[in-house]
Amino acid sequence: MSLNDALLGAAATAANFVENAASKYAAAREAVRIAEEDAKAALSGDPADITKSPFRIAYPLLAADPTYAYLDNAATAQRPSMVLKAQKEFYTTMNANPLRGLYRHSHMATSAIEDARKHVARFLGVEAASERDAGNQIVFLRNTSEALNLLAHSLPEVVGLEPGDQICISIMEHHSNLIPWQQACKKYGAELVYMRPNEEGVLESATIQACIGPNTKIVSVVHISNVLGIPNPIAEIAQRAHEVGAVMVVDGAQSAPHIPIDVEELGCDFFAMSAHKMGGPMGVGVLWGRPEFLDQMEPMLTGGEMIDSVTEEDAVWAQVPQKFEAGTQDAAGIYAFDAAISYLESIGFETIEERERKLSAYLVQKLKELSFIEIVGSANPDAHLGVVSFNVKGIHPHDVASLLDEENVAIRAGHHCAQPLLTWMGISSCCRASIAFYNSTHDIDRLAEALEGVWGMFHAH
Amino acid sequence: MPINELYTPALLEHSQDPFNKYAMENPTCTHEGINPSCGDDIVLSLRLSDSDIIEEAAFTGSGCAVSQASADMMADLVCGLDLAQARDLCKLFIQMARGEATDTELLTERLGEAACLKTIARMPARVKCAELAWRTLDQMLEDRQSGGTGSNLKAATTEDGIPGVRDL
């Protein structure tokens, strides 16, 4: 190698280094600018102003990385610091096995769970003679999936499901609200009936009337689809279900984090949700049910802490909700979930819903401006709540997600645990961006810029 | 990792204009491979000579750029090889995708363009995309070998059905 070549090589390396340093410096400046704006918004901002996030500062993972566009909230939310603090507080100040012990810490652990039950019951608008009675309608499980599995396991006996009977769900169910009923139908010789939405993703009254009839024993429908992101007319479906004497179950995994829930207004008999999608810990889920059904249902799991008495030959179940809660509960998680609900309530669902509707509309609008994007489901900006699915023309969603990750933008890609819906829509997979109230338009702008980059990369030659 | 180490012009070209993606007429053998978690699927077809030399390789199906390009590059590479040589190449590719074979010179020499998929080892979620075609080919050839020449070559397969790496 000549001296000249060596010098040219060194110059190129140096230029590369300077360029890298300059771009890193620009990125850091941008991060500081956003963090400053968010911090100012947190102190004195208008929570309805979606160009900033006054809430981001409460989320350690997001606060540590101001340019991280986390847009996979439908998969799991981020946790605010008070939830993390509560989780730690349980273990450092009241750790004991709840329900069992006859000493102070065990009482504290027991109270933590019972207080959380009452809080969840208030959150869901449960009406009962007393707060305690309302709390006793709340069963703590691992997640929405487990809640729906328990129902599919135990409810058919209660409603006397027989061959020729029908269970009605919608085509937009998550696998968690589909496979358990599929299995139940196989076991009991019943038929699984699917309600299908119109082109806008809406379940129409005529469909509801036609699919739910005299043979329907159970109706189980998702409140907001994790792919289409449009609220379903639960009250109307529940009314029809009750007209024909069926039990109404609602999968609330995607609605409870975003809109106020009132099970009496919805008119349902069961409502299931997951703490981790609401800023609570992973591994805690809720099933609310009307006592007349819960009382009659058999447990799915048996063992410790779910009995009144046991003999060599038999066992007598404990009362609801303990009957369904075999084994040691995630008490710290339940305590932290209580804190997560308190945090959402402190912000207020009016604010949360307003921000999220605006953010969802902004997201749809930005995607519509990109000619190479095909929105999956309704293209109406005002129809979505939280979730917007789409495809980049001719580019596989997994490639899109990997390339976006490089730009610090997190979205989901795949079939979203809703394969029958995607098959019915004639696609095998799609991208999904999902927002929470702590997102801002920055996150969505970054997504749009990164999508242009993906398109450009695949069309450079 | 700079992602354009993975999405190289070669990879984009093979994925967007795959030369070997077509339905083969009267193939000697075909085999379907799927990635259940992504819904990707591939149907691989081979035409073999009387002495079991791969004369033609083609595929159909759908998947991401990584899985499509990987399949197309593989189809180029295996033509002219006998079954044992092709399976050796599958083993090497899968080792590379898992970060177990890292000698760039050796990889480039034996895998040619497909060596550009080496960086996939740093993206755990995408390893299965790159491997799909190769796993499908390896299974197909294993079936053919055990049907034709007995099970003497099964020793190279680990208990989870993934090609072993010990005897490479």
# chains A, B, ... in the order shown; residues from 1 in each chain; ligands from 1
>>> interface_residues(of="chain A", to="chain B", cutoff="8 Å", atoms="only C-alpha atoms", output="list in words")
Ile395, His396, Pro397, His398, Asp399, Leu403, Glu406, Gly414, His415, Ser428, Ser429 and Phe458 of chain A
>>> residues_around(residues="A:Gln209", least_positions_apart="5", cutoff="9 Å", atoms="only C-alpha atoms", output="ChimeraX atom specification")
/A:204,237,240
>>> write_last_selection(atoms="N, CA, C and O atoms", output="mmCIF file, in the first residue's frame")
data_model
loop_
_atom_site.group_PDB
_atom_site.id
_atom_site.type_symbol
_atom_site.label_atom_id
_atom_site.label_comp_id
_atom_site.auth_asym_id
_atom_site.auth_seq_id
_atom_site.Cartn_x
_atom_site.Cartn_y
_atom_site.Cartn_z
ATOM 1 N N GLU A 204 -72.740 -5.277 12.585
ATOM 2 C CA GLU A 204 -74.026 -4.628 12.342
ATOM 3 C C GLU A 204 -75.146 -5.321 13.112
ATOM 4 O O GLU A 204 -75.062 -6.522 13.413
ATOM 5 N N ILE A 237 -75.173 -6.246 21.852
ATOM 6 C CA ILE A 237 -74.975 -7.697 21.758
ATOM 7 C C ILE A 237 -75.474 -8.374 23.039
ATOM 8 O O ILE A 237 -76.138 -9.413 23.003
ATOM 9 N N ARG A 240 -79.238 -8.619 23.095
ATOM 10 C CA ARG A 240 -79.698 -9.716 22.238
ATOM 11 C C ARG A 240 -79.432 -11.073 22.907
ATOM 12 O O ARG A 240 -80.287 -11.963 22.888
#
>>> select_by_dssp(residues="stretch 173-417 of chain A", states="helix (DSSP H, G or I)", output="number ranges by chain")
A: 175-177, 179-188, 205-211, 234-243, 263-266, 275-278, 291-294, 322-324, 331-347, 349-369, 397-406
